[in-house]
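Peer 1: My structure file my_file_11.cif, mmCIF, C-alpha atoms and all ligand atoms, is below:
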```
data_query
#
loop_
_atom_site.label_atom_id
_atom_site.label_comp_id
_atom_site.auth_asym_id
_atom_site.auth_seq_id
_atom_site.Cartn_x
_atom_site.Cartn_y
_atom_site.Cartn_z
CA MET A 272 -19.46 33.93 37.68
CA GLU A 273 -17.23 30.92 37.72
CA TYR A 274 -14.39 32.34 35.68
CA GLY A 275 -15.49 35.81 34.70
CA ILE A 276 -12.73 38.21 33.86
CA ARG A 277 -13.07 41.59 35.53
CA ARG A 278 -11.24 44.18 37.39
CA TRP A 279 -14.07 46.33 38.62
CA SER A 280 -12.04 48.57 40.88
CA SER A 281 -11.07 51.22 38.33
CA ILE A 282 -13.10 53.98 36.76
CA PHE A 283 -14.49 52.91 33.42
CA LYS A 284 -13.29 54.65 30.36
CA GLY A 285 -16.00 56.91 29.08
CA ASP A 286 -17.16 57.82 32.57
CA MET A 287 -14.85 60.83 32.47
CA GLY A 288 -17.13 62.48 29.93
CA MET A 289 -14.48 62.72 27.22
CA GLY A 290 -14.62 59.27 25.72
CA GLN A 291 -13.16 60.11 22.35
CA VAL A 292 -12.01 56.59 21.68
CA ARG A 293 -14.48 53.77 22.23
CA ASN A 294 -13.40 50.69 24.18
CA LYS A 295 -13.58 48.46 21.13
CA ASP A 296 -11.46 50.91 19.08
CA ILE A 297 -8.43 50.06 21.17
CA ILE A 298 -8.85 46.38 20.40
CA LEU A 299 -9.39 47.06 16.70
CA LEU A 300 -6.19 49.12 16.73
CA LEU A 301 -4.22 46.31 18.32
CA ARG A 302 -5.66 43.92 15.77
CA GLN A 303 -4.73 46.28 12.92
CA THR A 304 -1.19 46.68 14.25
CA LEU A 305 -0.65 42.92 14.31
CA LYS A 306 -2.41 42.52 10.97
CA SER A 307 0.11 44.95 9.53
CA VAL A 308 2.87 42.58 10.64
CA ASP A 309 1.11 39.41 9.46
CA ARG A 310 -2.43 39.22 8.22
CA LEU A 311 -2.98 35.45 8.11
CA LEU A 312 -2.09 34.84 11.74
CA MET A 313 -4.36 37.67 12.85
CA ASP A 314 -7.26 36.30 10.80
CA HIS A 315 -6.71 32.92 12.44
CA GLY A 316 -6.90 34.73 15.80
CA SER A 317 -10.23 36.34 14.90
CA ARG A 318 -11.79 33.08 13.66
CA THR A 319 -10.58 31.24 16.76
CA ALA A 320 -12.06 34.00 18.93
CA TYR A 321 -15.39 33.61 17.16
CA ILE A 322 -15.48 29.83 17.67
CA LEU A 323 -14.57 30.21 21.36
CA TYR A 324 -17.23 32.89 21.76
CA LYS A 325 -19.89 30.56 20.34
CA MET A 326 -18.77 27.74 22.66
CA LEU A 327 -18.79 29.94 25.77
CA GLN A 328 -22.13 31.42 24.79
CA GLU A 329 -23.50 27.87 24.61
CA GLU A 330 -22.09 27.10 28.01
CA GLY A 331 -24.13 30.03 29.38
CA LYS A 332 -21.99 30.86 32.39
CA LEU A 333 -20.73 34.28 31.37
CA GLU A 334 -22.23 37.73 30.99
CA ILE A 335 -21.93 39.33 27.58
CA TYR A 336 -19.12 41.71 28.61
CA GLU A 337 -17.18 38.69 29.86
CA LEU A 338 -17.73 36.92 26.54
CA ALA A 339 -16.34 40.06 24.90
CA ASP A 340 -13.27 39.87 27.15
CA TYR A 341 -12.59 36.27 26.18
CA ALA A 342 -13.10 37.12 22.53
CA VAL A 343 -10.37 39.74 22.90
CA PHE A 344 -8.15 37.25 24.71
CA ALA A 345 -8.61 34.61 22.02
CA THR A 346 -8.08 37.07 19.18
CA PHE A 347 -4.50 37.54 20.35
CA HIS A 348 -3.86 33.98 21.55
CA ASP A 349 -0.98 33.43 19.11
CA ILE A 350 0.71 36.77 19.74
CA GLY A 351 3.89 34.98 20.87
CA ALA A 352 4.37 33.47 17.42
CA TYR A 353 5.06 36.93 15.99
CA ARG A 354 8.31 36.83 17.91
CA THR A 355 9.22 33.15 18.04
CA GLU A 356 8.21 31.76 14.64
CA GLU A 357 8.62 31.99 10.90
CA LEU A 358 4.99 32.92 10.36
CA GLU A 359 4.62 31.04 7.10
CA ASP A 360 5.22 27.82 9.09
CA MET A 361 1.92 28.26 10.90
CA LEU A 362 0.86 24.63 10.57
CA ASN A 363 4.09 23.53 12.16
CA PHE A 364 4.03 25.81 15.19
CA GLU A 365 0.31 25.33 15.70
CA THR A 366 0.38 21.54 15.61
CA LYS A 367 3.93 20.36 16.38
CA SER A 368 6.41 22.72 17.98
CA PHE A 369 3.89 24.82 19.88
CA MET A 370 5.73 25.50 23.15
CA PRO A 371 7.88 28.48 22.10
CA HIS A 372 4.98 30.69 21.02
CA SER A 373 2.80 29.50 23.92
CA ILE A 374 5.48 30.54 26.41
CA TYR A 375 6.33 33.81 24.72
CA GLY A 376 2.64 34.71 24.37
CA TYR A 377 2.08 34.01 28.05
CA LEU A 378 5.04 36.20 29.04
CA PHE A 379 3.91 38.98 26.72
CA PHE A 380 0.40 38.90 28.23
CA LYS A 381 1.81 38.74 31.73
CA LYS A 382 3.94 41.85 31.18
CA TRP A 383 1.61 44.05 29.18
CA SER A 384 -1.98 42.82 28.97
CA PRO A 385 -4.88 43.42 31.36
CA PHE A 386 -5.34 39.63 31.60
CA THR A 387 -3.10 39.03 34.57
CA ALA A 388 -5.12 36.19 36.13
CA GLU A 389 -5.89 34.51 32.82
CA ASP A 390 -2.48 34.85 31.15
CA LYS A 391 -1.58 31.18 31.71
CA ILE A 392 -4.40 30.12 29.41
CA LEU A 393 -1.93 31.01 26.67
CA LEU A 394 0.65 28.72 28.15
CA TYR A 395 -1.78 25.80 28.00
CA HIS A 396 -3.60 26.55 24.77
CA HIS A 397 -2.07 23.51 23.06
CA ALA A 398 -2.15 21.05 25.96
CA ASN A 399 -3.80 17.67 25.45
CA CYS A 400 -6.06 15.85 27.94
CA GLU A 401 -3.24 14.02 29.69
CA GLN A 402 -1.46 17.33 30.31
CA TYR A 403 -4.68 19.04 31.46
CA ASP A 404 -5.18 16.39 34.10
CA LYS A 405 -1.89 17.43 35.67
CA ILE A 406 -2.56 21.17 35.54
CA ASN A 407 -3.94 22.89 38.62
CA TYR A 408 -5.27 26.15 37.25
CA ALA A 409 -8.60 27.95 37.68
CA PHE A 410 -8.96 28.74 33.99
CA LYS A 411 -7.91 25.40 32.54
CA ASN A 412 -11.41 24.79 31.14
CA ILE A 413 -11.06 27.88 29.01
CA ALA A 414 -7.64 26.69 27.87
CA SER A 415 -9.17 23.38 26.75
CA TYR A 416 -11.96 25.19 24.87
CA LEU A 417 -9.46 27.53 23.28
CA PHE A 418 -7.36 24.57 22.15
CA LEU A 419 -10.35 23.01 20.40
CA ALA A 420 -11.47 26.33 18.87
CA ASP A 421 -7.94 26.92 17.63
CA ARG A 422 -7.64 23.43 16.19
CA MET A 423 -10.98 23.68 14.49
CA ASP A 424 -9.77 26.77 12.63
CA ILE A 425 -6.59 24.95 11.60
CA TYR A 426 -8.81 22.20 10.12
CA TYR A 427 -10.84 24.91 8.42
CA ILE A 428 -7.65 26.41 6.94
CA THR A 429 -6.43 23.04 5.64
CA GLN A 430 -9.75 21.41 4.64
CA GLY A 431 -12.14 24.32 4.01
CA SER A 432 -15.87 24.20 4.70
CA SER A 433 -16.05 20.50 3.90
CA PHE A 434 -14.46 19.72 7.25
CA ASP A 435 -16.65 17.53 9.48
CA ILE A 436 -16.75 19.03 12.97
CA TYR A 437 -18.23 15.83 14.40
CA SER A 438 -15.19 13.82 13.30
CA LEU A 439 -13.26 15.44 16.18
CA ARG A 440 -15.18 13.26 18.62
CA LYS A 441 -12.69 10.44 18.00
CA TYR A 442 -10.11 12.45 19.98
CA GLU A 443 -12.34 12.74 23.06
CA GLY A 444 -10.35 12.18 26.21
CA THR A 445 -7.01 12.12 24.41
CA ARG A 446 -6.68 15.49 22.67
CA TYR A 447 -9.90 17.31 23.51
CA THR A 448 -12.05 17.19 26.62
CA LYS A 449 -15.61 15.88 26.43
CA GLU A 450 -16.87 19.21 27.73
CA ALA A 451 -15.16 21.16 24.95
CA LEU A 452 -16.43 18.80 22.24
CA ASP A 453 -19.99 18.95 23.62
CA LEU A 454 -19.93 22.76 23.54
CA LEU A 455 -18.56 22.93 20.02
CA GLU A 456 -21.16 20.50 18.66
CA LYS A 457 -23.99 22.24 20.51
CA ALA A 458 -22.84 25.62 19.24
CA ASP A 459 -22.56 24.30 15.71
CA ARG A 460 -26.09 22.91 15.79
CA LYS A 461 -27.31 26.42 16.55
CA THR A 462 -24.96 28.37 14.28
CA ASN A 463 -23.34 26.81 11.25
CA ILE A 464 -19.84 27.81 12.29
CA LEU A 465 -18.02 26.77 9.11
CA GLU A 466 -20.48 28.70 6.99
CA LYS A 467 -19.92 31.80 9.15
CA LEU A 468 -16.19 31.43 8.70
CA ALA A 469 -16.46 30.87 4.97
CA ASN A 470 -18.70 33.87 4.25
CA GLU A 471 -16.81 35.98 6.79
CA THR A 472 -19.94 37.12 8.61
CA TYR A 473 -18.22 35.92 11.79
CA GLN A 474 -16.17 39.13 11.72
CA THR A 475 -19.22 41.39 11.92
CA GLU A 476 -20.65 39.36 14.79
CA LEU A 477 -17.34 39.40 16.62
CA ASP A 478 -17.01 43.17 16.19
CA GLN A 479 -20.56 43.65 17.46
CA LEU A 480 -19.69 41.63 20.55
CA LEU A 481 -16.85 44.09 21.21
CA ASP A 482 -19.45 46.83 21.73
CA TYR A 483 -20.02 45.23 25.13
CA LEU A 484 -16.40 45.44 26.16
CA VAL A 485 -15.70 47.21 29.43
CA ILE A 486 -12.22 48.72 29.67
CA SER A 487 -10.98 50.67 32.68
CA ASN A 488 -8.55 53.56 32.26
CA GLU A 489 -5.84 51.36 33.68
CA ASP A 490 -6.60 48.62 31.13
CA GLU A 491 -6.60 51.18 28.35
CA GLU A 492 -2.99 52.03 29.21
CA LYS A 493 -2.14 48.32 29.13
CA TYR A 494 -3.69 47.87 25.70
CA ILE A 495 -1.75 50.90 24.48
CA HIS A 496 1.41 49.22 25.74
CA MET A 497 0.42 46.06 23.89
CA ILE A 498 0.02 48.08 20.69
CA VAL A 499 3.37 49.84 21.13
CA ASN A 500 5.14 46.59 21.99
CA SER A 501 3.55 44.75 19.05
CA MET A 502 5.28 47.12 16.65
CA ARG A 503 8.53 45.52 17.77
CA PHE A 504 7.52 42.34 15.93
CA ARG A 505 8.50 44.24 12.80
CA ASP A 506 11.38 46.23 14.27
CA GLN A 507 12.29 47.48 17.74
CA ARG A 508 12.71 50.94 16.25
CA TYR A 509 8.94 51.40 15.79
CA THR A 510 8.22 50.55 19.41
CA VAL A 511 10.86 52.90 20.74
CA ASP A 512 10.15 55.76 18.33
CA THR A 513 6.39 55.59 18.93
CA ALA A 514 6.84 55.64 22.71
CA VAL A 515 9.31 58.55 22.53
CA CYS A 516 7.10 60.50 20.13
CA MET A 517 4.04 59.96 22.37
CA CYS A 518 6.03 61.15 25.36
CA ILE A 519 7.27 64.32 23.63
CA CYS A 520 3.74 65.08 22.40
CA GLU A 521 2.31 64.70 25.88
CA GLU A 522 4.94 66.95 27.43
CA ILE A 523 4.51 69.72 24.86
CA ALA A 524 0.71 69.42 25.07
CA THR A 525 0.82 69.87 28.84
CA LYS A 526 3.17 72.84 28.62
CA MET A 527 0.89 74.42 26.00
CA TYR A 528 -2.22 73.84 28.16
CA LEU A 529 -4.10 71.73 25.62
CA THR A 530 -7.50 70.50 26.82
CA GLU A 531 -7.95 66.89 27.96
CA LYS A 532 -9.82 66.17 24.74
CA GLN A 533 -7.02 67.62 22.60
CA LYS A 534 -4.49 65.61 24.57
CA GLU A 535 -6.37 62.38 23.95
CA ILE A 536 -6.57 63.15 20.22
CA LEU A 537 -2.84 63.83 20.14
CA LYS A 538 -2.00 60.72 22.15
CA TYR A 539 -3.85 58.38 19.79
CA ALA A 540 -2.59 60.23 16.72
CA ALA A 541 1.00 59.74 17.95
CA LEU A 542 0.25 56.09 18.69
CA ILE A 543 -0.94 55.31 15.17
CA HIS A 544 1.04 57.76 13.06
CA ASP A 545 3.67 55.29 11.83
CA ILE A 546 1.77 51.97 11.93
CA GLY A 547 1.76 52.13 8.11
CA MET A 548 5.56 51.69 8.25
CA LEU A 549 5.00 48.09 9.36
CA LEU A 550 3.56 47.33 5.92
CA LEU A 551 6.64 48.48 3.99
CA PRO A 552 9.63 46.34 2.96
CA GLN A 553 11.99 46.68 5.92
CA GLU A 554 15.10 45.94 3.81
CA MET A 555 14.38 49.17 1.96
CA ILE A 556 13.81 51.23 5.12
CA ASN A 557 16.92 49.85 6.78
CA ALA A 558 19.19 50.20 3.75
CA PRO A 559 22.42 51.87 4.94
CA ARG A 560 22.16 54.68 2.38
CA LYS A 561 19.88 57.49 1.24
CA LEU A 562 16.77 56.21 -0.51
CA THR A 563 16.28 56.63 -4.27
CA SER A 564 13.38 58.80 -5.43
CA ASP A 565 11.26 55.71 -6.24
CA GLU A 566 11.95 54.34 -2.78
CA MET A 567 11.04 57.70 -1.26
CA MET A 568 7.68 57.51 -3.00
CA THR A 569 7.12 54.07 -1.53
CA LEU A 570 8.15 55.31 1.91
CA GLU A 571 5.71 58.20 1.71
CA THR A 572 2.79 55.81 1.27
CA HIS A 573 3.07 54.84 4.96
CA VAL A 574 1.11 57.94 5.94
CA GLU A 575 -2.05 57.26 3.97
CA MET A 576 -2.00 53.52 3.41
CA LEU A 577 -4.02 52.75 6.53
CA GLU A 578 -6.07 55.95 6.53
CA PRO A 579 -9.30 54.32 5.26
CA ILE A 580 -9.03 51.63 7.95
CA PHE A 581 -8.25 54.13 10.72
CA ARG A 582 -11.22 56.25 9.60
CA LYS A 583 -13.49 53.26 10.21
CA ILE A 584 -12.00 52.60 13.65
CA LEU A 585 -11.25 55.99 15.18
CA PRO A 586 -12.78 59.47 15.53
CA GLY A 587 -11.87 61.57 12.49
CA ASP A 588 -9.93 64.24 14.36
CA ILE A 589 -7.39 61.65 15.54
CA VAL A 590 -6.81 60.41 12.00
CA ASP A 591 -6.60 64.00 10.72
CA VAL A 592 -3.68 64.64 13.08
CA ALA A 593 -1.93 61.33 12.40
CA ILE A 594 -1.88 61.70 8.62
CA THR A 595 -0.28 65.13 8.65
CA HIS A 596 2.84 64.20 10.60
CA HIS A 597 5.07 64.67 7.55
CA GLU A 598 3.39 67.88 6.40
CA ASN A 599 5.05 71.17 7.20
CA GLY A 600 3.81 74.71 7.43
CA ALA A 601 5.62 75.80 4.25
CA GLY A 602 3.61 73.37 2.11
CA SER A 603 6.62 71.26 1.12
CA GLY A 604 5.74 68.20 3.20
CA TYR A 605 3.76 65.14 2.17
CA PRO A 606 1.31 63.75 1.21
CA LYS A 607 -0.98 66.77 0.72
CA ARG A 608 1.49 69.68 0.92
CA ILE A 609 -0.81 71.57 3.26
CA LYS A 610 0.24 74.87 4.81
CA ALA A 611 0.51 76.19 8.35
CA MET A 612 -2.84 77.98 8.28
CA ASP A 613 -4.56 74.66 7.57
CA MET A 614 -2.90 72.85 10.44
CA ASN A 615 -4.16 72.85 14.03
CA THR A 616 -2.01 72.91 17.18
CA SER A 617 -2.12 69.13 17.65
CA GLN A 618 -0.95 68.58 14.10
CA ARG A 619 1.92 71.01 14.58
CA ILE A 620 2.94 69.35 17.83
CA LEU A 621 3.00 65.87 16.31
CA GLN A 622 4.98 67.19 13.35
CA VAL A 623 7.71 68.60 15.63
CA ALA A 624 7.65 65.61 18.00
CA ASP A 625 8.03 63.14 15.14
CA MET A 626 10.91 65.14 13.70
CA VAL A 627 12.75 65.37 17.01
CA THR A 628 12.17 61.66 17.67
CA SER A 629 13.75 60.84 14.36
CA LEU A 630 16.67 63.29 14.66
CA SER A 631 17.55 62.13 18.17
CA SER A 632 17.78 58.48 17.19
CA LYS A 633 20.34 56.63 15.14
CA ARG A 634 19.43 55.47 11.65
CA THR A 635 21.20 52.95 9.45
CA TYR A 636 22.43 55.78 7.21
CA ARG A 637 23.32 58.36 9.90
CA ASP A 638 24.11 58.85 13.58
CA ALA A 639 21.79 60.40 16.13
CA LYS A 640 22.00 64.21 16.25
CA ASP A 641 22.99 65.91 19.48
CA SER A 642 20.87 68.57 21.18
CA LYS A 643 22.83 71.49 19.65
CA GLU A 644 22.35 70.15 16.12
CA ILE A 645 18.66 69.50 16.78
CA GLU A 646 18.18 73.02 18.11
CA THR A 647 19.77 74.50 14.97
CA ILE A 648 17.58 72.33 12.70
CA LEU A 649 14.44 73.32 14.60
CA GLN A 650 15.28 77.02 14.46
CA GLU A 651 16.00 76.82 10.75
CA GLY A 652 12.61 75.07 10.39
CA VAL A 653 10.89 77.96 12.14
CA LYS A 654 12.68 80.54 9.98
CA ALA A 655 11.65 78.71 6.81
CA ASN A 656 8.04 78.62 8.02
CA ARG A 657 8.05 74.83 8.17
CA LEU A 658 7.63 74.48 11.93
CA SER A 659 5.39 76.21 14.43
CA PRO A 660 7.33 78.92 16.33
CA GLU A 661 5.18 78.35 19.45
CA VAL A 662 5.67 74.60 19.52
CA VAL A 663 9.41 74.84 18.87
CA SER A 664 9.84 77.53 21.49
CA VAL A 665 7.98 75.46 24.14
CA LEU A 666 10.06 72.43 23.24
CA LEU A 667 13.39 74.28 23.32
CA GLN A 668 12.61 76.03 26.61
CA ASN A 669 11.98 72.64 28.22
CA TYR A 670 14.24 70.57 26.02
CA ASP A 671 16.36 68.85 28.67
CA ILE A 672 13.42 67.91 30.90
CA ILE A 673 11.31 66.64 27.99
CA MET A 674 14.11 64.62 26.44
CA ALA A 675 15.10 63.19 29.82
CA LYS A 676 11.52 61.94 30.25
CA ALA A 677 11.52 60.49 26.76
CA LYS A 678 14.85 58.80 27.46
CA LYS A 679 13.51 57.28 30.66
CA GLU A 680 10.47 55.98 28.78
CA LYS A 681 12.74 54.48 26.15
CA GLU A 682 15.02 52.83 28.70
CA GLN A 683 12.06 51.41 30.59
CA LEU A 684 10.68 49.88 27.42
CA ILE A 685 13.99 48.36 26.42
CA GLY A 686 14.56 47.12 29.98
CA THR A 687 11.16 45.42 30.24
CA TYR A 688 11.69 43.85 26.85
CA ALA A 689 15.14 42.57 27.81
CA ALA A 690 13.66 41.05 30.99
CA LEU A 691 10.95 39.35 28.95
CA GLU A 692 13.50 37.94 26.53
CA LYS A 693 15.63 36.68 29.39
CA GLU A 694 12.68 35.00 31.06
CA TYR A 695 11.76 33.41 27.76
CA GLU A 696 15.28 32.09 27.13
CA GLN A 697 15.49 30.67 30.64
CA SER A 698 12.08 29.07 30.67
CA SER A 699 11.88 27.46 27.24
CA GLY A 700 10.13 24.14 27.39
CA THR A 701 9.78 23.95 31.13
CA TYR A 702 6.11 24.85 31.60
CA LEU A 703 4.47 21.64 30.46
FE FE B 801 -1.05 28.54 19.19
FE FE B 802 -3.70 29.44 17.15
FE FE B 803 6.18 58.75 9.45
#
```
So, in terms of C-alpha cells, how does the structure I just supplied come out?
Peer 2:
Amino acid sequence: MEYGIRRWSSIFKGDMGMGQVRNKDIILLLRQTLKSVDRLLMDHGSRTAYILYKMLQEEGKLEIYELADYAVFATFHDIGAYRTEELEDMLNFETKSFMPHSIYGYLFFKKWSPFTAEDKILLYHHANCEQYDKINYAFKNIASYLFLADRMDIYYITQGSSFDIYSLRKYEGTRYTKEALDLLEKADRKTNILEKLANETYQTELDQLLDYLVISNEDEEKYIHMIVNSMRFRDQRYTVDTAVCMCICEEIATKMYLTEKQKEILKYAALIHDIGMLLLPQEMINAPRKLTSDEMMTLETHVEMLEPIFRKILPGDIVDVAITHHENGAGSGYPKRIKAMDMNTSQRILQVADMVTSLSSKRTYRDAKDSKEIETILQEGVKANRLSPEVVSVLLQNYDIIMAKAKKEKEQLIGTYAALEKEYEQSSGTYL
C-alpha cells in the first residue's frame, strides 16, 4: 500500500476474548464527546470524512480497513478549531484564517492520536497547490484530497444541494490538484454525493465503514486519551475529573479483584459518566454559589441526557453503571432513587470514585476538601447507608496510594496540555 495507515505490531483489540467495546464504539464515543461541545463542526467532520472516503475508494489504492482509518482521521480533521476558534465563525476559519486550527489540530493529533505518521496532514489540510509543491511529505496527496473534500462540504453548507461540483474545475492547479478533482468527479459520477449529504444516508454508510476498523490495544488507549482531552474544549475540569475518577475506579477495582470484564465495564462507565455535563450551560455550573432548585434540576439532567445515544453505541452494562453515578444506596440519589440492593459492585465503585473526585477538587463555590474531611464524609455515607461499606473500606485502607496515583495522572495531563499550549504559542504561523 502506498500510504496505508497501520501499526500491525500490537495485539488487536478483541483478540483477548473480552471485547466488550467494539472498535467503532470508541470512535463513536469520541464523535459524541465533540458533538456535545459543538454539533455543527462535528457534522462537517463526518460529511468531509464521507467525501474523502468516496474519493479514496475511487482511487482504489487502499484496503477497506485503511479507508476506515482515513474516515476516522477526516472526521476529526477540524479538532483544533474547538480550542482556537469561535465556532460560529466556521466559514472564516475554514476559508480565511485557517492556520491556527490547522496547527493546533496537528499538535493535538501528534500528542494523543494513533496517527503519528499522518498527523501533518492536518497541518496541510488547507494548503493550496503552490504550497503543496513546496511540501515534502509522504501523505501530501491525502492532504490535498482532504482539502477538496473539506471545501466541498463548505460549499454544500453555503449553497445546499444545488452546488455544482464540476464548477470546482476552474481552480485546478491553483487551489486544488488535478488528481483530487478527478477523484471527486469520478466518485460523484458513481455516487451522487450531494444527495447523500442532503438525505443524510452518508452517515449510515460511514458508520458501516467503521465496522472494518482495526484498533490495537495501544491505539485504544490513545483514543481514550483523545476523548478525555476533548472534554477540555468545554472546561479543563471535565478532563481532569474524568481522568482522576477513572484512575480511582481502576485502583479500587484491582484491590477488590474485579474480573477483567468488570474492569472494562467500569473503565468505560467512568469515561462517559459526565459527558452529559458538556451539554449544560457552563455559566450555571461555574456560578460561584450554591445552585437554585431549578438549576439543580437542570444539572441532574446530565446523567440521562445522553443515555439513549450511549445505549446505541455501547454495551448496556456500561451504560447501566454510568447512569447511576449519582444514585446512592439509601435511595436518595438521582435520577431513579435506586437502593443499594439494586446496585452492583461496579456501580458502587463509580459512585464512591465520583464523589471522592469531586470532594478532592476545588469548585467555584468551595475549596477542595482534605483527606481527613473526605474520610469523615465517606464514613458518614456508610453509616447512612448511602455508600458501600466494602468499597469505602478498600478506598480508605489504600487512600494515600490511590490518591497519589490519581494526583500523578492529573499532573501528567496538565503537564502534557501545558506543553501542547506552549508549542502552539511558539509555532503559530510558521508551518506553511
Ligand atoms: Fe479546517
Ligand atoms: Fe474542515
Ligand atoms: Fe455527574
Peer 1: Would you mind listing the residues within 8 Å of ligand FE 803 (chain B), counting all atoms listed in the file, as a VMD selection string?
Peer 2: chain A and resid 544 to 545 548 571 573 to 574 596 to 597 625
Peer 1: As a PyMOL selection string, please: the residues near Lys325 of chain A (cut-off 9 Å, only C-alpha atoms, same-chain neighbours under 6 positions excluded).
Peer 2: chain A and resi 454-455+458-459+462+464
Peer 1: Around ligand FE 801 (chain B), out to 9 Å and counting only C-alpha atoms and all ligand atoms, which residues are there? I want them as JSON, numbers by chain.
Peer 2: {"A": [348, 349, 350, 351, 352, 361, 364, 365, 366, 369, 370, 372, 373, 376, 393, 396, 397, 418, 421, 422]}
Peer 1: To one decimal place in Å, what is the distance between atom CA of Ile685 of chain A and atom CA of Asp641 of chain A?
Peer 2: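 Between atom CA of Ile685 of chain A and atom CA of Asp641 of chain A the gap works out to 20.9 Å.
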Peer 1: Which of these residues is nearest to ligand FE 802 (chain B), using all atoms listed in the file: A:Asp314, A:Asp512, A:Glu491, A:Glu531?
Peer 2: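 Of the candidates, the smallest distance to ligand FE 802 (chain B) is held by A:Asp314.
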Peer 1: Report, in Å to a single decimal, how far apart atom CA of Val623 of chain A and atom CA of Arg608 of chain A are.
Peer 2: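 Atom-to-atom, atom CA of Arg608 of chain A to atom CA of Val623 of chain A, that is 16.0 Å.
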Peer 1: Report as a tab-separated table the residues of segment 576-617 of chain A within 8 Å of segment 289-299 of chain A, each with its shortest atom pair and distance in Å (one decimal), using only C-alpha atoms, ordered by chain and increasing residue number.
Peer 2:
```
residue	atom	partner	partner_atom	distance
A:Ile584	CA	A:Asp296	CA	5.7
A:Leu585	CA	A:Asp296	CA	6.4
A:Pro586	CA	A:Val292	CA	6.8
```
Peer 1: Please indicate the distance in Å from atom CA of Tyr539 of chain A to atom CA of Ala593 of chain A, rounded to one decimal place.
Peer 2: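 These two atoms are separated by 8.2 Å.
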Peer 1: Neighbours of Glu330 of chain A within 12 Å (all atoms listed in the file; same-chain residues fewer than 4 positions away dropped), as a ChimeraX atom specification?
Peer 2: /A:273,323-326,334,338,412-413,416,450-458
Peer 1: Using all atoms listed in the file, pick whichever of A:Glu694, A:Glu443, A:Glu575, A:Glu359 has the shortest atom-to-atom distance to Leu550 of chain A.
Peer 2: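 Using all atoms listed in the file, Leu550 of chain A sits closest to A:Glu575.
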Peer 1: Calculated over all atoms listed in the file, which of the candidates A:Ala601, A:Ile392, A:Met423, A:Ile609 has the smallest distance to Val653 of chain A?
Peer 2: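 Ranked by minimum distance to Val653 of chain A, first place goes to A:Ala601.
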Peer 1: Find the residue from A:Gln474, A:Ser617, A:Ser603, A:Thr510 that sits nearest to Gly316 of chain A; use all atoms listed in the file when measuring.
Peer 2: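 Going through A:Gln474, A:Ser617, A:Ser603, A:Thr510 one by one, the smallest distance to Gly316 of chain A is for A:Gln474.
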Peer 1: Which one of A:Leu658, A:Ile374, A:Ala420, A:Ala339 sits closest to ligand FE 802 (chain B) if you count only C-alpha atoms and all ligand atoms?
Peer 2: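 That would be A:Ala420, the residue with the smallest distance to ligand FE 802 (chain B).
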Peer 1: Between A:Lys306, A:Leu362, A:Ala524, A:Leu327, which residue has the minimum interatomic distance to ligand FE 802 (chain B), considering only C-alpha atoms and all ligand atoms?
Peer 2: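 The shortest atom-to-atom distance to ligand FE 802 (chain B) comes from A:Leu362.
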Peer 1: Kindly add N, CA and C atoms to the incomplete segment 389-402 of chain A and provide the output as an mmCIF file, in the frame of the given file.
Peer 2:
```cif
data_model
loop_
_atom_site.group_PDB
_atom_site.id
_atom_site.type_symbol
_atom_site.label_atom_id
_atom_site.label_comp_id
_atom_site.auth_asym_id
_atom_site.auth_seq_id
_atom_site.Cartn_x
_atom_site.Cartn_y
_atom_site.Cartn_z
ATOM 1 N N GLU A 389 -5.578 35.495 33.859
ATOM 2 C CA GLU A 389 -5.890 34.510 32.820
ATOM 3 C C GLU A 389 -4.717 34.231 31.889
ATOM 4 N N ASP A 390 -3.587 34.929 32.116
ATOM 5 C CA ASP A 390 -2.480 34.850 31.150
ATOM 6 C C ASP A 390 -1.993 33.418 30.889
ATOM 7 N N LYS A 391 -2.094 32.550 31.896
ATOM 8 C CA LYS A 391 -1.580 31.180 31.710
ATOM 9 C C LYS A 391 -2.425 30.347 30.752
ATOM 10 N N ILE A 392 -3.608 30.833 30.425
ATOM 11 C CA ILE A 392 -4.400 30.120 29.410
ATOM 12 C C ILE A 392 -3.545 29.992 28.147
ATOM 13 N N LEU A 393 -2.766 31.034 27.874
ATOM 14 C CA LEU A 393 -1.930 31.010 26.670
ATOM 15 C C LEU A 393 -0.871 29.920 26.752
ATOM 16 N N LEU A 394 -0.375 29.735 27.939
ATOM 17 C CA LEU A 394 0.650 28.720 28.150
ATOM 18 C C LEU A 394 0.100 27.316 27.832
ATOM 19 N N TYR A 395 -1.164 27.126 28.136
ATOM 20 C CA TYR A 395 -1.780 25.800 28.000
ATOM 21 C C TYR A 395 -2.685 25.665 26.785
ATOM 22 N N HIS A 396 -2.602 26.611 25.846
ATOM 23 C CA HIS A 396 -3.600 26.550 24.770
ATOM 24 C C HIS A 396 -3.338 25.463 23.731
ATOM 25 N N HIS A 397 -2.272 24.671 23.943
ATOM 26 C CA HIS A 397 -2.070 23.510 23.060
ATOM 27 C C HIS A 397 -1.933 22.218 23.863
ATOM 28 N N ALA A 398 -2.339 22.246 25.118
ATOM 29 C CA ALA A 398 -2.150 21.050 25.960
ATOM 30 C C ALA A 398 -3.224 19.998 25.660
ATOM 31 N N ASN A 399 -2.815 18.736 25.675
ATOM 32 C CA ASN A 399 -3.800 17.670 25.450
ATOM 33 C C ASN A 399 -4.408 17.222 26.789
ATOM 34 N N CYS A 400 -5.316 16.238 26.728
ATOM 35 C CA CYS A 400 -6.060 15.850 27.940
ATOM 36 C C CYS A 400 -5.140 15.334 29.058
ATOM 37 N N GLU A 401 -4.147 14.568 28.674
ATOM 38 C CA GLU A 401 -3.240 14.020 29.690
ATOM 39 C C GLU A 401 -2.534 15.147 30.441
ATOM 40 N N GLN A 402 -2.121 16.175 29.676
ATOM 41 C CA GLN A 402 -1.460 17.330 30.310
ATOM 42 C C GLN A 402 -2.445 18.134 31.167
#
```
